[in-house]
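final_29.csv follows; it contains CSV, C-alpha atoms.
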chain,number,residue,atom,x,y,z
A,1,MET,CA,5.0,-2.9,-16.4
A,2,SER,CA,7.9,-0.9,-15.0
A,3,LYS,CA,11.2,-2.6,-14.4
A,4,PRO,CA,11.3,-2.1,-10.6
A,5,ILE,CA,7.9,-3.8,-10.3
A,6,SER,CA,9.0,-6.7,-12.6
A,7,ASN,CA,12.2,-7.2,-10.6
A,8,GLN,CA,10.2,-7.2,-7.3
A,9,ARG,CA,7.7,-9.8,-8.6
A,10,ASN,CA,10.6,-12.0,-9.8
A,11,LEU,CA,12.2,-11.8,-6.3
A,12,ILE,CA,8.9,-12.7,-4.6
A,13,ALA,CA,8.4,-15.6,-7.1
A,14,ILE,CA,11.9,-16.9,-6.3
A,15,ILE,CA,11.3,-16.6,-2.5
A,16,LEU,CA,8.0,-18.5,-2.8
A,17,ILE,CA,9.6,-21.3,-4.9
A,18,VAL,CA,12.4,-21.7,-2.4
A,19,PHE,CA,10.0,-21.6,0.5
A,20,ALA,CA,7.9,-24.3,-1.2
A,21,GLY,CA,11.0,-26.5,-1.6
A,22,VAL,CA,12.1,-26.1,2.0
A,23,LEU,CA,8.5,-26.8,3.2
A,24,PHE,CA,8.4,-30.0,1.1
A,25,VAL,CA,11.7,-31.2,2.5
A,26,ASN,CA,10.7,-30.3,6.0
A,27,ASN,CA,7.4,-32.2,5.8
A,28,VAL,CA,8.9,-35.3,4.1
A,29,MET,CA,11.9,-35.7,6.3
A,30,ASP,CA,10.2,-34.4,9.5
A,31,LEU,CA,13.0,-31.9,10.2
A,32,ASN,CA,11.0,-29.5,12.3
A,33,LEU,CA,12.7,-26.5,10.6
A,34,PHE,CA,9.9,-24.1,11.4
A,35,ASN,CA,9.9,-24.3,15.1
A,36,PHE,CA,11.7,-21.0,15.3
A,37,PHE,CA,9.4,-19.4,12.8
A,38,ARG,CA,6.3,-20.5,14.8
A,39,ASN,CA,7.4,-18.4,17.8
A,40,TRP,CA,8.9,-15.4,15.9
A,41,TRP,CA,6.8,-14.9,12.8
A,42,PRO,CA,5.4,-11.6,14.1
A,43,LEU,CA,8.8,-10.1,13.6
A,44,VAL,CA,8.0,-9.9,9.9
A,45,ILE,CA,5.1,-7.5,10.7
A,46,ILE,CA,7.3,-5.5,13.2
A,47,VAL,CA,10.0,-5.1,10.6
A,48,LEU,CA,7.5,-4.0,8.0
A,49,GLY,CA,6.1,-1.4,10.4
A,50,LEU,CA,9.6,-0.1,11.3
A,51,SER,CA,10.5,0.2,7.7
A,52,HIS,CA,7.5,2.5,7.0
A,53,MET,CA,8.2,4.6,10.1
A,54,LEU,CA,11.9,5.0,9.5
A,55,SER,CA,11.7,5.6,5.8
A,56,ALA,CA,11.7,9.2,4.6
A,57,HIS,CA,8.9,8.3,2.1
A,58,GLY,CA,7.1,5.7,4.3
A,59,ASN,CA,3.5,5.7,5.4
A,60,LYS,CA,3.9,6.6,9.0
A,61,LYS,CA,0.4,5.8,10.0
A,62,MET,CA,0.4,2.4,8.5
A,63,GLY,CA,3.8,1.8,9.9
A,64,LEU,CA,2.6,2.5,13.4
A,65,VAL,CA,-0.4,0.2,13.0
A,66,PHE,CA,1.8,-2.7,11.8
A,67,LEU,CA,4.3,-2.1,14.6
A,68,ILE,CA,1.6,-2.2,17.3
A,69,VAL,CA,-0.1,-5.3,15.8
A,70,GLY,CA,3.2,-7.1,15.3
A,71,ILE,CA,4.2,-6.4,18.9
A,72,ILE,CA,0.9,-7.7,20.2
A,73,PHE,CA,1.1,-10.9,18.1
A,74,GLN,CA,4.7,-11.4,19.2
A,75,LEU,CA,3.7,-11.2,22.9
A,76,SER,CA,0.9,-13.7,22.2
A,77,THR,CA,3.2,-16.3,20.5
A,78,LEU,CA,5.6,-16.1,23.4
A,79,ASN,CA,2.6,-16.8,25.8
A,80,ARG,CA,2.8,-13.4,27.3
A,81,LEU,CA,-0.8,-12.8,26.3
A,82,ASN,CA,-3.7,-15.2,25.9
A,83,PHE,CA,-5.6,-14.8,22.6
A,84,THR,CA,-5.6,-16.1,19.0
A,85,PHE,CA,-5.0,-14.4,15.6
A,86,PHE,CA,-8.7,-14.1,15.0
A,87,ASP,CA,-9.3,-12.5,18.3
A,88,LEU,CA,-7.3,-9.5,17.0
A,89,PHE,CA,-8.1,-9.5,13.3
A,90,TRP,CA,-11.2,-7.3,13.4
A,91,PRO,CA,-9.9,-5.0,16.2
A,92,ALA,CA,-6.8,-4.4,14.0
A,93,ILE,CA,-9.0,-3.6,11.0
A,94,LEU,CA,-11.0,-1.1,13.1
A,95,LEU,CA,-7.8,0.4,14.5
A,96,ILE,CA,-6.6,1.1,10.9
A,97,ILE,CA,-10.0,2.6,10.0
A,98,GLY,CA,-10.0,4.8,13.1
A,99,ILE,CA,-6.5,6.2,12.5
A,100,ASN,CA,-7.3,7.0,8.9
A,101,LEU,CA,-10.6,8.7,9.8
A,102,LEU,CA,-8.7,11.0,12.2
A,103,SER,CA,-6.6,12.3,9.3
A,104,ARG,CA,-7.2,15.8,8.1
A,105,ASN,CA,-9.4,16.0,5.0
A,106,SER,CA,-10.0,12.2,5.0
A,107,SER,CA,-12.8,11.0,2.8
A,108,PHE,CA,-15.4,8.4,4.0
A,109,ASN,CA,-17.5,7.6,0.9
A,110,LYS,CA,-20.7,5.7,1.3
A,111,THR,CA,-21.7,5.7,-2.4
A,112,SER,CA,-19.9,5.7,-5.7
A,113,ARG,CA,-19.7,9.2,-7.1
A,114,GLN,CA,-17.5,11.4,-9.2
A,115,THR,CA,-16.5,14.9,-8.3
A,116,VAL,CA,-13.8,17.5,-9.4
A,117,MET,CA,-11.9,19.0,-6.5
A,118,GLU,CA,-9.1,21.6,-6.0
A,119,SER,CA,-6.6,20.2,-3.5
A,120,ASP,CA,-2.9,20.6,-2.9
A,121,TYR,CA,-2.7,17.5,-0.7
A,122,LEU,CA,-4.8,14.3,-0.7
A,123,ASP,CA,-5.8,12.2,2.3
A,124,LEU,CA,-8.5,9.9,0.9
A,125,PHE,CA,-10.0,6.8,2.6
A,126,THR,CA,-12.8,4.5,1.4
A,127,ILE,CA,-14.2,1.4,3.2
A,128,PHE,CA,-16.9,-1.0,1.9
A,129,SER,CA,-17.6,1.5,-0.9
A,130,SER,CA,-16.2,3.1,-4.0
A,131,ALA,CA,-15.2,6.6,-5.1
A,132,LYS,CA,-14.2,8.2,-8.4
A,133,ASN,CA,-12.7,11.7,-8.2
A,134,SER,CA,-10.7,14.1,-10.3
A,135,TYR,CA,-8.3,16.6,-8.8
A,136,SER,CA,-6.6,19.8,-10.0
A,137,SER,CA,-3.9,21.8,-8.3
A,138,THR,CA,-1.2,24.3,-9.2
A,139,ASP,CA,1.0,23.3,-6.3
A,140,PHE,CA,0.4,19.6,-5.6
A,141,LYS,CA,2.3,18.2,-2.6
A,142,GLY,CA,1.3,14.5,-2.6
A,143,GLY,CA,-0.9,12.6,-0.2
A,144,ASN,CA,-2.3,9.3,0.9
A,145,LEU,CA,-4.8,7.0,-0.8
A,146,THR,CA,-6.3,4.1,1.2
A,147,ALA,CA,-9.0,1.7,0.2
A,148,MET,CA,-10.3,-1.2,2.4
A,149,PHE,CA,-12.9,-3.7,1.2
A,150,GLY,CA,-13.7,-1.2,-1.6
A,151,GLY,CA,-12.4,0.7,-4.6
A,152,MET,CA,-11.0,4.1,-5.4
A,153,GLU,CA,-10.3,5.8,-8.8
A,154,VAL,CA,-8.3,9.0,-8.7
A,155,ASP,CA,-7.6,11.2,-11.7
A,156,LEU,CA,-4.5,13.4,-11.3
A,157,SER,CA,-3.9,14.0,-15.0
A,158,ASN,CA,-4.3,17.8,-14.6
A,159,ILE,CA,-2.2,18.2,-11.5
A,160,GLN,CA,0.7,20.6,-11.5
A,161,THR,CA,3.3,21.4,-8.8
A,162,LYS,CA,6.0,23.8,-7.9
A,163,GLU,CA,8.0,21.0,-6.1
A,164,LYS,CA,10.7,19.0,-7.8
A,165,GLU,CA,9.6,15.8,-6.0
A,166,VAL,CA,6.2,14.7,-4.8
A,167,THR,CA,5.3,11.5,-2.9
A,168,LEU,CA,1.9,9.6,-3.2
A,169,HIS,CA,1.3,6.8,-0.7
A,170,ILE,CA,-1.1,4.1,-1.8
A,171,THR,CA,-2.6,1.4,0.5
A,172,ALA,CA,-5.0,-1.2,-0.8
A,173,MET,CA,-6.3,-3.9,1.6
A,174,PHE,CA,-9.0,-6.2,0.3
A,175,GLY,CA,-9.7,-3.5,-2.3
A,176,GLY,CA,-8.4,-1.8,-5.4
A,177,ILE,CA,-7.0,1.6,-6.4
A,178,ASP,CA,-6.6,3.1,-9.9
A,179,VAL,CA,-4.7,6.3,-10.4
A,180,VAL,CA,-4.2,8.4,-13.5
A,181,PRO,CA,-0.9,10.1,-12.9
A,182,PRO,CA,0.0,13.7,-14.0
A,183,LYS,CA,0.9,14.0,-17.7
A,184,GLY,CA,4.5,14.4,-18.5
A,185,TRP,CA,5.8,13.7,-15.0
A,186,LYS,CA,8.5,11.1,-14.2
A,187,ILE,CA,6.9,8.3,-12.3
A,188,ILE,CA,9.0,6.1,-9.9
A,189,THR,CA,7.1,3.3,-8.1
A,190,ARG,CA,8.3,1.4,-5.0
A,191,GLY,CA,6.3,-0.8,-2.6
A,192,THR,CA,5.3,-4.1,-1.1
A,193,PRO,CA,2.7,-6.4,-2.6
A,194,LEU,CA,1.5,-9.0,-0.1
A,195,PHE,CA,-0.9,-11.5,-1.7
A,196,GLY,CA,-1.7,-8.7,-4.1
A,197,GLY,CA,-0.3,-6.7,-7.1
A,198,PHE,CA,0.7,-3.3,-8.4
A,199,ASP,CA,0.7,-2.7,-12.2
A,200,ASP,CA,1.5,0.1,-14.6
A,201,ASP,CA,-1.2,-0.3,-17.2
A,202,ARG,CA,-0.6,2.9,-19.1
A,203,LYS,CA,-0.3,2.3,-22.9
A,204,LYS,CA,-0.1,5.8,-24.3
A,205,ASP,CA,2.9,8.0,-25.0
A,206,LEU,CA,4.8,8.2,-21.7
A,207,THR,CA,7.2,11.0,-22.8
A,208,VAL,CA,8.6,12.8,-19.8
A,209,LEU,CA,8.7,16.6,-20.2
A,210,PRO,CA,12.0,18.5,-19.8
A,211,ASP,CA,12.6,19.5,-16.1
A,212,ALA,CA,9.5,17.5,-15.2
A,213,PRO,CA,8.8,16.9,-11.5
A,214,VAL,CA,9.1,13.4,-10.1
A,215,LEU,CA,6.1,11.5,-8.6
A,216,TYR,CA,7.2,8.8,-6.2
A,217,VAL,CA,4.4,6.2,-5.7
A,218,HIS,CA,4.9,4.2,-2.6
A,219,TYR,CA,2.4,1.4,-2.3
A,220,PHE,CA,1.4,-1.4,0.1
A,221,VAL,CA,-1.1,-3.9,-1.3
A,222,MET,CA,-2.5,-6.8,0.7
A,223,PHE,CA,-5.2,-9.1,-0.8
A,224,GLY,CA,-6.0,-6.4,-3.4
A,225,GLY,CA,-4.5,-4.5,-6.3
A,226,ALA,CA,-3.5,-1.0,-7.4
A,227,SER,CA,-2.5,0.3,-10.8
A,228,LEU,CA,-1.5,3.3,-12.9
A,229,VAL,CA,-3.9,3.9,-15.8
A,230,ASP,CA,-4.3,6.2,-18.7
A,231,THR,CA,-7.9,7.2,-18.0
A,232,LEU,CA,-10.8,6.3,-15.7
Show how you would write the structure in this file as structure tokens.
Amino acid sequence: MSKPISNQRNLIAIILIVFAGVLFVNNVMDLNLFNFFRNWWPLVIIVLGLSHMLSAHGNKKMGLVFLIVGIIFQLSTLNRLNFTFFDLFWPAILLIIGINLLSRNSSFNKTSRQTVMESDYLDLFTIFSSAKNSYSSTDFKGGNLTAMFGGMEVDLSNIQTKEKEVTLHITAMFGGIDVVPPKGWKIITRGTPLFGGFDDDRKKDLTVLPDAPVLYVHYFVMFGGASLVDTL
């Protein structure tokens, strides 16, 4: 497991422990410490959306979705709109699906299959299904991988690029994504696990080649998992 991921998990663990302690004291002493949070909790979703949209390496589409959903929930908690969380859950899911399907070269897979494709940019999407694909390129420029209620396996071991830095966005919601990264590249992972996890499960020689390009892996995982692996 890479050090950034380990540090991030330790931070999340500390936050959960502190929150559990505050919750216990609040319930035992009846302090009503969460009255503010009850009205303003959607700000967490709004901030998450803004962070994706304003970041140079953020997933702009997912950031827009989170921003819209967060604003709607905030208006609801302030009694500006009349609906509950569950009234918006499935419309929000369908909104995410629709935005991804409008993406160029998006992949909607109905069955599990494996193919080998030539592509310089990936924009892959699976829902209620699984896909297993291998890609090759002489000038890879990154892309987006999104799995919802399903799984995705992507082999990038033979990818090459003329760029110094390439960014790959991974979004797993109620699903899982496994990626075989390019051989000899420097891999830097950053992201947000929300009731999910991201792991570097590679066990073979991870030697970085001289003047190797950098692959930035930016992930968002919610009720699912994603990982870097040696082989599929």
Quiz item: Between A:Phe220, A:Leu215, A:Thr167, A:Phe19, which one has atoms that come closest to Gly63 of chain A, using all atoms listed in the file?
Solution: A:Phe220
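The protein and nucleic acid residues lying at most 8 Å from Val229 of chain A are Asp178, Val179, Val180, Pro181, Asp200, Asp201, Arg202, Ser227, Thr231 and Leu232 of chain A, with all atoms listed in the file considered and sequence neighbours fewer than 2 positions away removed.
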Quiz item: Distance atom CA of Leu194 of chain A-atom CA of Asn26 of chain A, one decimal place?
Solution: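 Computed distance, atom CA of Leu194 of chain A to atom CA of Asn26 of chain A, equals 24.0 Å.
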Quiz item: atom CA of Val44 of chain A to atom CA of Gly143 of chain A: how many Å, to one decimal?
Solution: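 Separation of atom CA of Val44 of chain A and atom CA of Gly143 of chain A: 26.2 Å.
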Quiz prompt | Contacts of Ile177 of chain A within 6 Å, all atoms listed in the file, excl. fewer than 4 positions in-chain, as a VMD selection string | solution = chain A and resid 151 to 153 226
Exercise. Could you please determine the separation between atom CA of Gly191 of chain A and atom CA of Thr171 of chain A in Å, to one decimal place?
Key: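 Here the two named atoms are 9.7 Å from each other.
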Self-check item: Polymer residues at most 6 Å from segment 70-84 of chain A, all atoms listed in the file, same-chain spacing of 4 or more positions, as a list in words
Solution: Asn39, Pro42, Ile45, Ile46 and Phe66 of chain A
Please dump the current selection as a CSV table (one decimal), in the frame of the given file; keep C-alpha atoms.
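To be explicit, this is the file written out as part_5.csv:
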chain,number,residue,atom,x,y,z
A,39,ASN,CA,7.4,-18.4,17.8
A,42,PRO,CA,5.4,-11.6,14.1
A,45,ILE,CA,5.1,-7.5,10.7
A,46,ILE,CA,7.3,-5.5,13.2
A,66,PHE,CA,1.8,-2.7,11.8
Exercise. Would you mind telling me which residue in A:Ala212, A:Ala131, A:Leu122, A:Met148 lies nearest to Gln160 of chain A when using all atoms listed in the file?
Key: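 Smallest distance to Gln160 of chain A is found for A:Ala212.
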When you get a chance, write out N, CA and C atoms for segment 173-206 of chain A, as a PDB file, keeping the file's coordinate frame.
ATOM      1  N   MET A 173      -6.091  -2.650   0.815  1.00  0.00           N
ATOM      2  CA  MET A 173      -6.300  -3.900   1.600  1.00  0.00           C
ATOM      3  C   MET A 173      -7.649  -4.430   1.317  1.00  0.00           C
ATOM      4  N   PHE A 174      -7.684  -5.606   0.695  1.00  0.00           N
ATOM      5  CA  PHE A 174      -9.000  -6.200   0.300  1.00  0.00           C
ATOM      6  C   PHE A 174      -9.740  -5.262  -0.594  1.00  0.00           C
ATOM      7  N   GLY A 175      -9.022  -4.499  -1.415  1.00  0.00           N
ATOM      8  CA  GLY A 175      -9.700  -3.500  -2.300  1.00  0.00           C
ATOM      9  C   GLY A 175      -8.741  -3.176  -3.441  1.00  0.00           C
ATOM     10  N   GLY A 176      -9.154  -2.175  -4.237  1.00  0.00           N
ATOM     11  CA  GLY A 176      -8.400  -1.800  -5.400  1.00  0.00           C
ATOM     12  C   GLY A 176      -8.307  -0.269  -5.563  1.00  0.00           C
ATOM     13  N   ILE A 177      -7.213   0.216  -6.124  1.00  0.00           N
ATOM     14  CA  ILE A 177      -7.000   1.600  -6.400  1.00  0.00           C
ATOM     15  C   ILE A 177      -6.443   1.833  -7.770  1.00  0.00           C
ATOM     16  N   ASP A 178      -7.092   2.672  -8.585  1.00  0.00           N
ATOM     17  CA  ASP A 178      -6.600   3.100  -9.900  1.00  0.00           C
ATOM     18  C   ASP A 178      -6.265   4.545  -9.879  1.00  0.00           C
ATOM     19  N   VAL A 179      -5.089   4.897 -10.383  1.00  0.00           N
ATOM     20  CA  VAL A 179      -4.700   6.300 -10.400  1.00  0.00           C
ATOM     21  C   VAL A 179      -4.214   6.694 -11.784  1.00  0.00           C
ATOM     22  N   VAL A 180      -4.731   7.828 -12.256  1.00  0.00           N
ATOM     23  CA  VAL A 180      -4.200   8.400 -13.500  1.00  0.00           C
ATOM     24  C   VAL A 180      -3.178   9.459 -13.086  1.00  0.00           C
ATOM     25  N   PRO A 181      -1.899   9.196 -13.344  1.00  0.00           N
ATOM     26  CA  PRO A 181      -0.900  10.100 -12.900  1.00  0.00           C
ATOM     27  C   PRO A 181      -0.798  11.378 -13.728  1.00  0.00           C
ATOM     28  N   PRO A 182      -0.126  12.413 -13.238  1.00  0.00           N
ATOM     29  CA  PRO A 182       0.000  13.700 -14.000  1.00  0.00           C
ATOM     30  C   PRO A 182       0.715  13.443 -15.325  1.00  0.00           C
ATOM     31  N   LYS A 183       0.305  14.160 -16.321  1.00  0.00           N
ATOM     32  CA  LYS A 183       0.900  14.000 -17.700  1.00  0.00           C
ATOM     33  C   LYS A 183       2.283  14.635 -17.710  1.00  0.00           C
ATOM     34  N   GLY A 184       3.204  13.910 -18.319  1.00  0.00           N
ATOM     35  CA  GLY A 184       4.500  14.400 -18.500  1.00  0.00           C
ATOM     36  C   GLY A 184       5.483  14.317 -17.364  1.00  0.00           C
ATOM     37  N   TRP A 185       4.995  13.808 -16.218  1.00  0.00           N
ATOM     38  CA  TRP A 185       5.800  13.700 -15.000  1.00  0.00           C
ATOM     39  C   TRP A 185       6.657  12.377 -15.130  1.00  0.00           C
ATOM     40  N   LYS A 186       7.767  12.348 -14.399  1.00  0.00           N
ATOM     41  CA  LYS A 186       8.500  11.100 -14.200  1.00  0.00           C
ATOM     42  C   LYS A 186       7.939  10.349 -13.063  1.00  0.00           C
ATOM     43  N   ILE A 187       7.594   9.090 -13.283  1.00  0.00           N
ATOM     44  CA  ILE A 187       6.900   8.300 -12.300  1.00  0.00           C
ATOM     45  C   ILE A 187       7.910   7.195 -11.766  1.00  0.00           C
ATOM     46  N   ILE A 188       8.126   7.122 -10.454  1.00  0.00           N
ATOM     47  CA  ILE A 188       9.000   6.100  -9.900  1.00  0.00           C
ATOM     48  C   ILE A 188       8.118   5.358  -8.807  1.00  0.00           C
ATOM     49  N   THR A 189       7.990   4.057  -8.966  1.00  0.00           N
ATOM     50  CA  THR A 189       7.100   3.300  -8.100  1.00  0.00           C
ATOM     51  C   THR A 189       7.991   2.351  -7.188  1.00  0.00           C
ATOM     52  N   ARG A 190       7.616   2.284  -5.923  1.00  0.00           N
ATOM     53  CA  ARG A 190       8.300   1.400  -5.000  1.00  0.00           C
ATOM     54  C   ARG A 190       7.204   0.902  -3.994  1.00  0.00           C
ATOM     55  N   GLY A 191       7.338  -0.332  -3.528  1.00  0.00           N
ATOM     56  CA  GLY A 191       6.300  -0.800  -2.600  1.00  0.00           C
ATOM     57  C   GLY A 191       6.414  -2.266  -2.265  1.00  0.00           C
ATOM     58  N   THR A 192       5.376  -2.713  -1.556  1.00  0.00           N
ATOM     59  CA  THR A 192       5.300  -4.100  -1.100  1.00  0.00           C
ATOM     60  C   THR A 192       3.953  -4.701  -1.453  1.00  0.00           C
ATOM     61  N   PRO A 193       3.914  -5.683  -2.368  1.00  0.00           N
ATOM     62  CA  PRO A 193       2.700  -6.400  -2.600  1.00  0.00           C
ATOM     63  C   PRO A 193       2.655  -7.677  -1.746  1.00  0.00           C
ATOM     64  N   LEU A 194       1.610  -7.848  -0.953  1.00  0.00           N
ATOM     65  CA  LEU A 194       1.500  -9.000  -0.100  1.00  0.00           C
ATOM     66  C   LEU A 194       0.157  -9.701  -0.449  1.00  0.00           C
ATOM     67  N   PHE A 195       0.267 -10.801  -1.198  1.00  0.00           N
ATOM     68  CA  PHE A 195      -0.900 -11.500  -1.700  1.00  0.00           C
ATOM     69  C   PHE A 195      -1.759 -10.469  -2.537  1.00  0.00           C
ATOM     70  N   GLY A 196      -1.077  -9.639  -3.297  1.00  0.00           N
ATOM     71  CA  GLY A 196      -1.700  -8.700  -4.100  1.00  0.00           C
ATOM     72  C   GLY A 196      -0.780  -8.221  -5.236  1.00  0.00           C
ATOM     73  N   GLY A 197      -1.136  -7.183  -5.991  1.00  0.00           N
ATOM     74  CA  GLY A 197      -0.300  -6.700  -7.100  1.00  0.00           C
ATOM     75  C   GLY A 197      -0.397  -5.276  -7.373  1.00  0.00           C
ATOM     76  N   PHE A 198       0.651  -4.740  -7.992  1.00  0.00           N
ATOM     77  CA  PHE A 198       0.700  -3.300  -8.400  1.00  0.00           C
ATOM     78  C   PHE A 198       1.150  -3.342  -9.891  1.00  0.00           C
ATOM     79  N   ASP A 199       0.406  -2.676 -10.785  1.00  0.00           N
ATOM     80  CA  ASP A 199       0.700  -2.700 -12.200  1.00  0.00           C
ATOM     81  C   ASP A 199       0.727  -1.277 -12.785  1.00  0.00           C
ATOM     82  N   ASP A 200       1.563  -1.095 -13.796  1.00  0.00           N
ATOM     83  CA  ASP A 200       1.500   0.100 -14.600  1.00  0.00           C
ATOM     84  C   ASP A 200       0.873  -0.236 -15.913  1.00  0.00           C
ATOM     85  N   ASP A 201      -0.417   0.070 -16.041  1.00  0.00           N
ATOM     86  CA  ASP A 201      -1.200  -0.300 -17.200  1.00  0.00           C
ATOM     87  C   ASP A 201      -1.319   0.776 -18.250  1.00  0.00           C
ATOM     88  N   ARG A 202      -0.515   1.813 -18.133  1.00  0.00           N
ATOM     89  CA  ARG A 202      -0.600   2.900 -19.100  1.00  0.00           C
ATOM     90  C   ARG A 202      -0.011   2.403 -20.460  1.00  0.00           C
ATOM     91  N   LYS A 203      -0.692   2.761 -21.535  1.00  0.00           N
ATOM     92  CA  LYS A 203      -0.300   2.300 -22.900  1.00  0.00           C
ATOM     93  C   LYS A 203       0.000   3.439 -23.818  1.00  0.00           C
ATOM     94  N   LYS A 204      -0.354   4.650 -23.441  1.00  0.00           N
ATOM     95  CA  LYS A 204      -0.100   5.800 -24.300  1.00  0.00           C
ATOM     96  C   LYS A 204       1.292   6.289 -24.220  1.00  0.00           C
ATOM     97  N   ASP A 205       1.576   7.372 -24.944  1.00  0.00           N
ATOM     98  CA  ASP A 205       2.900   8.000 -25.000  1.00  0.00           C
ATOM     99  C   ASP A 205       3.290   8.397 -23.538  1.00  0.00           C
ATOM    100  N   LEU A 206       4.404   7.860 -23.031  1.00  0.00           N
ATOM    101  CA  LEU A 206       4.800   8.200 -21.700  1.00  0.00           C
ATOM    102  C   LEU A 206       6.042   9.109 -21.677  1.00  0.00           C
TER     103      LEU A 206
END
